[in-house]
Structure formats: structure tokens, C-alpha cells
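Below: the structure, in C-alpha cells.
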Amino acid sequence: MEKYETHTHDVIVIGAGGAGLRAAIEASAQGASVGLVCKSLLGKAHTVMAEGGVAAALANVDSKDDWKTHFHDTMHGGKLLNNWRMAELHAQEAPDRVRELEHWGALFDRTKEGNINQRAFGGHTWKRLAHVGDRTGLEMIRTLQDRGIHTGVDVYMECTITHLLKDGDRISGAFGYWRESGRFVLFNAKAIILATGGIGKSYKVTSNSWEYTGDGHALAYEAGADLIDMEFTQFHPTGMVWPPSVKGLLVTEAVRGAGGILTNNKGERFMEKYDPERMELSTRDVVARSIYTEVQEGRGSPHGGAFLNISHRGAEYVKKKLPSMYHQFKEFAEIDITKEPMEVFPTTHYVMGGVRVDPETAQSTVNGLFACGEVAGGMHGANRLGGNSLSDLLVFGKRAGAGAAEYANKINNDVKVHDEEINNAVKEMLEPFENTEGENPYTVHQDLQDAMGDFVGVFRTKEKLHEGIEEINILKERGSQLKIEGSRMYNPGWHLSKDLKSMLIVSEAIARCAHQREESRGAHSRVDFPNYNDEVWGTVNSVISKDSSGDMNLGTSPLPQMPEELKKIVEGGYK
């Protein structure tokens, strides 16, 4: 076998978005040797696309806000399927994590009094989102990156991890390759933190960037960890629909938070029908289904969406509060949003499901494997509130870093990497070059995206989901026989062949969980089961695991019991 380079650290963090950077900073602060591995270049992580703000009960604008109200809103937003302890820790610790970012140099927008400004967002009782115009994620990444590179973290850019390695029942390292040269690389590690983001590229219309191929979900699954609640895929209500080259690109919820109004082709403000109290600031699942319904019933815009108008707020206000949106529509669609409406339609945005983790330490069901950010499940339940993702990655990024460093500190240096595992990983990665016949990975990927859109989209039925599962099984077979031309250098087809394996795993998990849950809850909408079924489904998580024969195992597990004092907060109707 060819030689490969080796790096050794106490903790390896896979993914350099907000969650990965915060985890790496914390693990390093706890004295661990940390390696940060990213698929793209440092600073290119998808967190930079987060626009609206970071949710934290700072109470700078609405003095009545507190962690209890934030907890209440998060639990109700998640339709009470959240891990209550994660939601509690998140609500309690988010303000400190935001103030910490400010201390590290983040330049938030300010109130007249000089405090961090906060804006309204769907599902939040009070104005809660700390923001930097509509470029909050970019400022967070800039701040965390600046902090991270000064704490002694070693960064490995343009490196894809393909396999996690184990010594018995615990993690011992990670194996991957350099995207530029195709050469293999081994990372010896006592602990690994997954911070790889979401699964959006399994769908054709998505706000997600090219990195979002479910890598962390698949790596955890293959290593024996549980995945929970994979049926809950969030379709953000407002993605661009025109021109086709930017279809799915995010139109931030901050547009609605700033007073944007949704209308159909009859000029009707249709959210009055679906949520007369909260209107455009209803939760994302409700707004997404409302837009979808209007279009399906023939009241859509010329390009098959709904109209979103912010022009009534005046040009100066729009350009100041929503500079990115103004430029995005001006450059891509030749639309001036200070004068005319946008056309929007739901776009695959976020997955609430992910790796089952311990709320305190963020450790998965596999010893030494941790997860934080979008790749971790439980925090958001059946539907995520806007802004909660950025505070989630700060709160649980810190906890994952601390948990992994503490775990690594207790492990002796006798964690072994086994040659057989590496040999199998190399063989699997080189197989597409050796196949004399086989499928083009681009064709299989296109067919997978079509299948997920057609059968596992915004609205679902038993028949469609069954058809989707059968189609995914066919695609798995096709995906196991791929043929790649050329060398390993600069070979995007080879990159996709690896990503395809991950996307097929997460797509099957989503479809199977959606087929199992016979109710509508949050982002999961079953046309044949339009109501909640609290008795059967309101008390359980869906669970995906890999069985001993290598097949996907599907089941449920009971939600952890919530303490009485927190039940009172949830039931108390905090306003």
C-alpha cells in the first residue's frame, strides 16, 4: 500500500464552521492538542450564509425577555419533541456565548444606548436576534476564526474525511484524503468532534452550499452511533425562485422580521388565513406550507412562488437593514427590492435530526465521538426557530470542545489504529478507478435529488415515501458501482463518489423515518396524517442505527422525562 502522511492530536474537529471553530477553541483552551479539518478553505464554511441573527435572551430591546421565555419558545417551536435539557442549556447559556463573541471582537449592530441590538424573528416572543445587518454568520466566522488561529489550533484545509477509525468500542482516529492531490492522510486522535453541518445537497432546491452532503451524519452512522429524528427536514419558506441559476438561494427571514409582507397573485396577504396572530412571523414550517399551498392551488407568482414585499419600508431603511438582500436581488435577478417584490418559494434549508448526543458533553453513543451544530440532533425537536442555529453552535460547540478535551485527557496513549481498517478504507476509495464498467456519479446524484424532491419533499404520503425508499434502494445499488476517469488529482467526480455514499445514507434515513412517523409535526407534513398524534408519536424520537449485518435499523426511543418546574414553563404561555 502507498505511504500516507500521519498527524497525531488529542482531539480532531471535522468541520470549520461556527460549531467546529467554537469546539476547537474550547478544546485548545482546556489544554488539548487540536487539529481542525475542513473540506473547503478556512472561512468558506456555510455558517457565513446565516443572515438574520443569533438568538439569545439578552433583553436589550425587550426587557421582559429571559431564558425561560426563550426555552418556552424553543420547545413550542420544536413541537415539544426537543431534548428538554439541550433546550434548557441553550436558552440559559446563549447570552453569555454572544457576549463572549462581542468580547472577542464581533461588531454587532447597536441600540441608541450602545447595547447589542436585537430584531424580531418568527416564533420568538420578543425581539431576540442579535445581528450584524443581514451578515451575522459572516461576522461570527470572522471572529471565531481570528480567535481560533491564535489559540494554537492546527488547521488542515481542503481535506475530506472518509472513514472514522475505532479501537474496539472507542474512536481512535480518522482517515481521509487531500482534495488537491488525492493523497491519503491519517489522523490519530483520542477524541473526534463532528461539526460537518447538514444534508441539503441530497435535494436539488436548497439554500445549502456544496459541502452539505451529510458527511458527519454518515460517518457517525458507519461508526455505530445513533441518528435521531431524521424525518424533520426544514424547508425554509423563502428561497429565490428566479432566475434558475440561483433557485433555492436563501432570502433571509430578516426580510419578514423587518416588516416584509407575503402576497399571492391576487394581491391577498394570505398568511391571514394560516396564522392570523403571527402572520409572516409564524414558525418556518407553517409559512413554508402556506406558500406551498397557495402555489399548488393556483395562486402563485409567475415563476411558481409567492410575492414577498419590503418596498413599503422605504429605500433607505431596506439598504441599511438588508444590504445583502438588496445586492443579491439586484445582481442575480435584476430586481430592486426597494421598489418591487421578490418571488420566493420553500427551499431545503436545515435538518433538525442528527447524531444523538449527551446534552452536557455532546458525546454520541460511541465512546470518543462528539457532535455539535447541525450534525447533532435533539436540540430543535421537530422544527428549528430562526436564529437558534447560531446560538446552538456556540453553546454546544463550547460543550463539545470541553467534553472531548476532558475525555481525551482520561485516555491513555494506547489507543490503536488498526491496519485492516485503513486497508479497507483505501480499497473502498480506489475502487471507482478500477471499475471497468459503472455509473457516472453525477447521474446518480441527479437522480437522487429528483427522488428526494418528488417523494420526500414538503408534503409527504405513505405511497410516495414507499416509492422514494424503493428508488433510494435502487440508487444505492447503482451508487455501489461507480466508474471514475482520470487521476486522483483535482478530480471532482471522485469527490462526488465519496459524497454520494453519505447522501444515500442520509436520504434513506430521512425517507424511512418519514414513512414511520404517521402524523404531521413541525417540518414533517403527512397529507394522509394531517394532525398530531401525541399519544403515539408525541413522546418518542425516531432512531436510526446500523445493525450487525450492515443494514439500516429503524425504531423509536422515549423522550427523556422533563422536570416538573420546566413543564410549568412550557405550559405557562410566557408572553
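We label chains A, B, ... in the order they appear in the C-alpha cells, count residues from 1 in each chain, and number ligands from 1 in the order shown.
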Using only C-alpha atoms, which residues sit within 9 Å of Gly387 (chain A) once same-chain residues fewer than 2 positions away are excluded, as a compact mmCIF listing (two decimals) with C-alpha atoms, in the first residue's frame?
# COMPACT_ATOMS: atom_id res chain seq x y z
CA ALA A 50 -26.52 32.77 8.14
CA GLU A 51 -28.03 36.19 7.81
CA GLY A 52 -30.76 37.04 10.30
CA GLY A 53 -29.03 36.85 13.66
CA VAL A 54 -28.16 34.81 16.73
CA ALA A 55 -31.00 34.13 19.19
CA ALA A 56 -30.19 34.92 22.83
CA PHE A 121 -37.98 36.67 14.21
CA ARG A 128 -34.24 38.36 20.44
CA LEU A 129 -31.86 38.12 17.47
CA ALA A 130 -28.52 39.89 17.88
CA ARG A 384 -36.00 24.94 14.42
CA LEU A 385 -36.71 28.57 15.18
CA SER A 389 -28.89 27.58 14.98
CA LEU A 390 -26.23 30.24 15.59
CA SER A 391 -26.69 30.19 19.37
CA ASP A 392 -26.88 26.37 19.25
Report as CSV the residues of region 465-556 of chain A within 12 Å of region 415-431 of chain A, each with its shortest atom pair and distance in Å (one decimal), using only C-alpha atoms, ordered by chain and increasing residue number.
residue,atom,partner,partner_atom,distance
A:Gly479,CA,A:Glu431,CA,11.9
A:Ser480,CA,A:Glu431,CA,9.6
A:Gln481,CA,A:Glu431,CA,8.8
A:Leu482,CA,A:Glu431,CA,8.2
A:Lys483,CA,A:Glu431,CA,8.3
A:Ile484,CA,A:Glu431,CA,8.9
A:Glu485,CA,A:Leu430,CA,11.5
A:Gly486,CA,A:Leu430,CA,11.9
A:Ser487,CA,A:Leu430,CA,10.4
A:Arg488,CA,A:Leu430,CA,9.0
A:Trp494,CA,A:Met429,CA,8.5
A:His495,CA,A:Met429,CA,9.8
A:Leu496,CA,A:Met429,CA,11.4
A:Ser497,CA,A:Met429,CA,8.7
A:Lys498,CA,A:Met429,CA,7.5
A:Asp499,CA,A:Met429,CA,11.3
A:Lys501,CA,A:Met429,CA,10.9
Residue nearest Asp109 (chain A) - candidates A:His124, A:His131, A:Lys204, A:His72, atoms counted: only C-alpha atoms: A:His131
In terms of the shortest atom-to-atom distance over only C-alpha atoms, which of A:Val351, A:Leu81, A:Val37, A:Val295 is closest to Gly198 (chain A)? A:Val351
Got a sec: who's within 8 Å of His236 (chain A), counting only C-alpha atoms, leaving out chain neighbours fewer than 3 positions off, as a PyMOL selection string? chain A and resi 239+250+284-285+288+346-350
Requested write-out: N, CA, C and O atoms of the selected residues, as a CSV table (one decimal), in the first residue's frame:
chain,number,residue,atom,x,y,z
A,239,GLY,N,-36.9,30.9,-0.4
A,239,GLY,CA,-35.7,30.8,-1.2
A,239,GLY,C,-36.0,31.6,-2.5
A,239,GLY,O,-37.2,31.7,-2.9
A,250,LEU,N,-31.0,31.5,-0.4
A,250,LEU,CA,-31.8,32.0,0.8
A,250,LEU,C,-32.2,33.4,0.7
A,250,LEU,O,-31.4,34.3,0.4
A,284,ARG,N,-41.3,28.6,10.8
A,284,ARG,CA,-41.0,28.4,9.4
A,284,ARG,C,-41.8,27.2,8.8
A,284,ARG,O,-42.1,27.3,7.6
A,285,ASP,N,-42.1,26.2,9.5
A,285,ASP,CA,-42.9,25.1,9.0
A,285,ASP,C,-44.3,25.6,8.5
A,285,ASP,O,-44.7,25.2,7.4
A,288,ALA,N,-43.8,27.9,5.3
A,288,ALA,CA,-43.4,27.1,4.2
A,288,ALA,C,-44.6,26.3,3.6
A,288,ALA,O,-44.8,26.3,2.4
A,346,PRO,N,-40.4,27.7,-0.9
A,346,PRO,CA,-39.6,26.9,0.1
A,346,PRO,C,-38.4,26.3,-0.5
A,346,PRO,O,-38.4,25.8,-1.6
A,347,THR,N,-37.3,26.3,0.3
A,347,THR,CA,-36.0,25.7,-0.1
A,347,THR,C,-35.5,24.8,1.0
A,347,THR,O,-35.6,25.2,2.2
A,348,THR,N,-34.9,23.6,0.7
A,348,THR,CA,-34.3,22.8,1.7
A,348,THR,C,-33.2,23.5,2.4
A,348,THR,O,-32.3,24.0,1.8
A,349,HIS,N,-33.3,23.6,3.8
A,349,HIS,CA,-32.5,24.5,4.5
A,349,HIS,C,-31.7,23.9,5.6
A,349,HIS,O,-30.6,24.2,5.8
A,350,TYR,N,-32.4,23.1,6.4
A,350,TYR,CA,-31.8,22.6,7.7
A,350,TYR,C,-32.3,21.3,8.1
A,350,TYR,O,-33.5,21.0,7.8
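Between CA of Asp454 (chain A) and CA of Glu471 (chain A) the interatomic distance comes to 10.8 Å.
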Atom pair CA of Phe108 (chain A) + CA of Thr151 (chain A), distance 23.1 Å
Long-range neighbours of region 215-231 of chain A as number ranges by chain, 6 Å cut-off, only C-alpha atoms, 4 positions minimum in chain: A: 194, 196, 353-356, 365-366, 502, 510, 513-514, 541-545
Using N, CA, C and O atoms, can you write the selected residues to a file as a CSV table (one decimal), in the first residue's frame?
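What landed in result13.csv:
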chain,number,residue,atom,x,y,z
A,194,LEU,N,-17.5,15.9,15.5
A,194,LEU,CA,-18.2,16.1,14.2
A,194,LEU,C,-18.9,17.5,14.2
A,194,LEU,O,-19.7,17.7,15.1
A,196,THR,N,-20.0,19.0,10.9
A,196,THR,CA,-20.0,19.0,9.5
A,196,THR,C,-21.2,19.6,8.8
A,196,THR,O,-21.3,19.6,7.6
A,353,GLY,N,-32.8,16.6,12.6
A,353,GLY,CA,-32.3,15.3,13.0
A,353,GLY,C,-30.8,15.3,12.9
A,353,GLY,O,-30.2,16.0,12.2
A,354,GLY,N,-30.2,14.3,13.7
A,354,GLY,CA,-28.8,14.2,13.6
A,354,GLY,C,-28.3,13.2,14.6
A,354,GLY,O,-29.0,12.3,15.1
A,355,VAL,N,-27.0,13.3,15.0
A,355,VAL,CA,-26.4,12.4,15.9
A,355,VAL,C,-26.9,12.5,17.3
A,355,VAL,O,-27.0,13.7,17.8
A,356,ARG,N,-27.3,11.4,17.9
A,356,ARG,CA,-27.8,11.5,19.3
A,356,ARG,C,-26.6,11.8,20.2
A,356,ARG,O,-25.6,11.1,20.2
A,365,THR,N,-23.3,8.2,21.1
A,365,THR,CA,-23.4,6.8,21.7
A,365,THR,C,-22.1,6.0,21.5
A,365,THR,O,-22.1,4.9,21.9
A,366,VAL,N,-21.2,6.6,20.8
A,366,VAL,CA,-19.8,5.9,20.6
A,366,VAL,C,-18.8,6.6,21.5
A,366,VAL,O,-18.7,7.9,21.4
A,502,SER,N,-22.4,9.2,1.4
A,502,SER,CA,-23.0,9.9,2.6
A,502,SER,C,-24.5,10.3,2.3
A,502,SER,O,-25.4,10.1,3.1
A,510,ILE,N,-33.8,9.7,6.2
A,510,ILE,CA,-34.9,10.7,6.2
A,510,ILE,C,-36.2,10.0,5.7
A,510,ILE,O,-37.2,10.1,6.3
A,513,CYS,N,-37.6,7.3,8.3
A,513,CYS,CA,-38.2,7.9,9.4
A,513,CYS,C,-39.5,8.6,9.1
A,513,CYS,O,-40.4,8.6,9.9
A,514,ALA,N,-39.5,9.3,7.9
A,514,ALA,CA,-40.7,9.9,7.5
A,514,ALA,C,-41.9,8.9,7.2
A,514,ALA,O,-43.0,9.2,7.5
A,541,ASN,N,-38.7,9.7,20.0
A,541,ASN,CA,-37.8,10.1,18.9
A,541,ASN,C,-37.7,8.9,17.9
A,541,ASN,O,-37.7,7.8,18.3
A,542,SER,N,-37.5,9.2,16.6
A,542,SER,CA,-37.2,8.2,15.7
A,542,SER,C,-35.7,7.9,15.8
A,542,SER,O,-34.9,8.8,16.1
A,543,VAL,N,-35.3,6.6,15.7
A,543,VAL,CA,-33.9,6.3,15.9
A,543,VAL,C,-33.4,5.4,14.7
A,543,VAL,O,-34.1,4.4,14.3
A,544,ILE,N,-32.3,5.8,14.1
A,544,ILE,CA,-31.6,5.1,13.0
A,544,ILE,C,-30.3,4.6,13.5
A,544,ILE,O,-29.5,5.3,14.2
A,545,SER,N,-30.0,3.3,13.3
A,545,SER,CA,-28.7,2.7,13.7
A,545,SER,C,-28.3,1.7,12.6
A,545,SER,O,-29.2,1.2,11.9
As a PyMOL selection string, please: every residue in region 179-374 of chain A that a backbone DSSP assignment puts in alpha helix (DSSP H). chain A and resi 215-222+254-257+271-274+284-296+315-321+323-332
Once you have the residues from the selection above, write them out as an mmCIF file, in the first residue's frame, restricted to C-alpha atoms.
data_model
loop_
_atom_site.group_PDB
_atom_site.id
_atom_site.type_symbol
_atom_site.label_atom_id
_atom_site.label_comp_id
_atom_site.auth_asym_id
_atom_site.auth_seq_id
_atom_site.Cartn_x
_atom_site.Cartn_y
_atom_site.Cartn_z
ATOM 1 C CA ASP A 215 -20.719 13.654 5.809
ATOM 2 C CA GLY A 216 -20.919 13.776 9.607
ATOM 3 C CA HIS A 217 -24.270 12.004 9.784
ATOM 4 C CA ALA A 218 -22.892 9.192 7.597
ATOM 5 C CA LEU A 219 -19.536 8.956 9.410
ATOM 6 C CA ALA A 220 -21.327 8.687 12.768
ATOM 7 C CA TYR A 221 -23.773 6.088 11.430
ATOM 8 C CA GLU A 222 -20.980 3.981 9.961
ATOM 9 C CA ALA A 254 -34.933 39.135 8.487
ATOM 10 C CA VAL A 255 -36.942 40.454 5.499
ATOM 11 C CA ARG A 256 -40.130 39.349 7.257
ATOM 12 C CA GLY A 257 -38.708 40.413 10.624
ATOM 13 C CA MET A 271 -50.838 34.496 5.986
ATOM 14 C CA GLU A 272 -54.036 35.955 7.494
ATOM 15 C CA LYS A 273 -55.647 32.601 6.663
ATOM 16 C CA TYR A 274 -52.943 30.342 8.083
ATOM 17 C CA ARG A 284 -40.958 28.351 9.400
ATOM 18 C CA ASP A 285 -42.908 25.101 8.990
ATOM 19 C CA VAL A 286 -46.225 26.994 8.915
ATOM 20 C CA VAL A 287 -45.036 29.686 6.468
ATOM 21 C CA ALA A 288 -43.411 27.094 4.161
ATOM 22 C CA ARG A 289 -46.608 25.004 3.989
ATOM 23 C CA SER A 290 -48.700 28.159 3.441
ATOM 24 C CA ILE A 291 -46.626 29.294 0.436
ATOM 25 C CA TYR A 292 -46.597 25.749 -0.970
ATOM 26 C CA THR A 293 -50.406 25.532 -0.629
ATOM 27 C CA GLU A 294 -51.003 28.895 -2.329
ATOM 28 C CA VAL A 295 -48.890 27.832 -5.314
ATOM 29 C CA GLN A 296 -50.471 24.365 -5.505
ATOM 30 C CA ALA A 315 -35.251 52.543 0.220
ATOM 31 C CA GLU A 316 -33.013 53.950 2.950
ATOM 32 C CA TYR A 317 -34.342 51.511 5.597
ATOM 33 C CA VAL A 318 -34.064 48.465 3.293
ATOM 34 C CA LYS A 319 -30.498 49.252 2.193
ATOM 35 C CA LYS A 320 -29.409 49.809 5.809
ATOM 36 C CA LYS A 321 -31.108 46.780 7.373
ATOM 37 C CA PRO A 323 -27.779 45.223 2.413
ATOM 38 C CA SER A 324 -27.017 41.641 1.339
ATOM 39 C CA MET A 325 -30.589 41.029 0.168
ATOM 40 C CA TYR A 326 -30.610 44.288 -1.771
ATOM 41 C CA HIS A 327 -27.411 43.352 -3.628
ATOM 42 C CA GLN A 328 -28.413 39.685 -4.044
ATOM 43 C CA PHE A 329 -31.593 40.513 -5.941
ATOM 44 C CA LYS A 330 -30.042 43.430 -7.813
ATOM 45 C CA GLU A 331 -27.141 41.322 -9.113
ATOM 46 C CA PHE A 332 -28.787 37.937 -9.664
#
With only C-alpha atoms as the counted atoms, please give the residues lying no more than 6 Å from Gly35 (chain A), apart from itself and same-chain residues fewer than 5 positions off, as a PyMOL selection string. chain A and resi 12+153-155
For Ile261 (chain A), please output as a ChimeraX atom specification all residues within 9 Å (counting only C-alpha atoms; exclusion window: fewer than 2 positions along the same chain). /A:255-256,259,263,269,271,279-280,307-310
All residues 10 Å or closer to Gly18 (chain A), only C-alpha atoms, same chain fewer than 3 positions away omitted, as a PyMOL selection string: chain A and resi 15+21-24+43+45-48+137-138+140-145+195+197+372-373+389-394+397
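Of the listed residues A:Met157, A:Met552, A:Val251, A:Ala523, the one whose atoms come nearest to Val458 (chain A) is A:Ala523, with distances taken using only C-alpha atoms.
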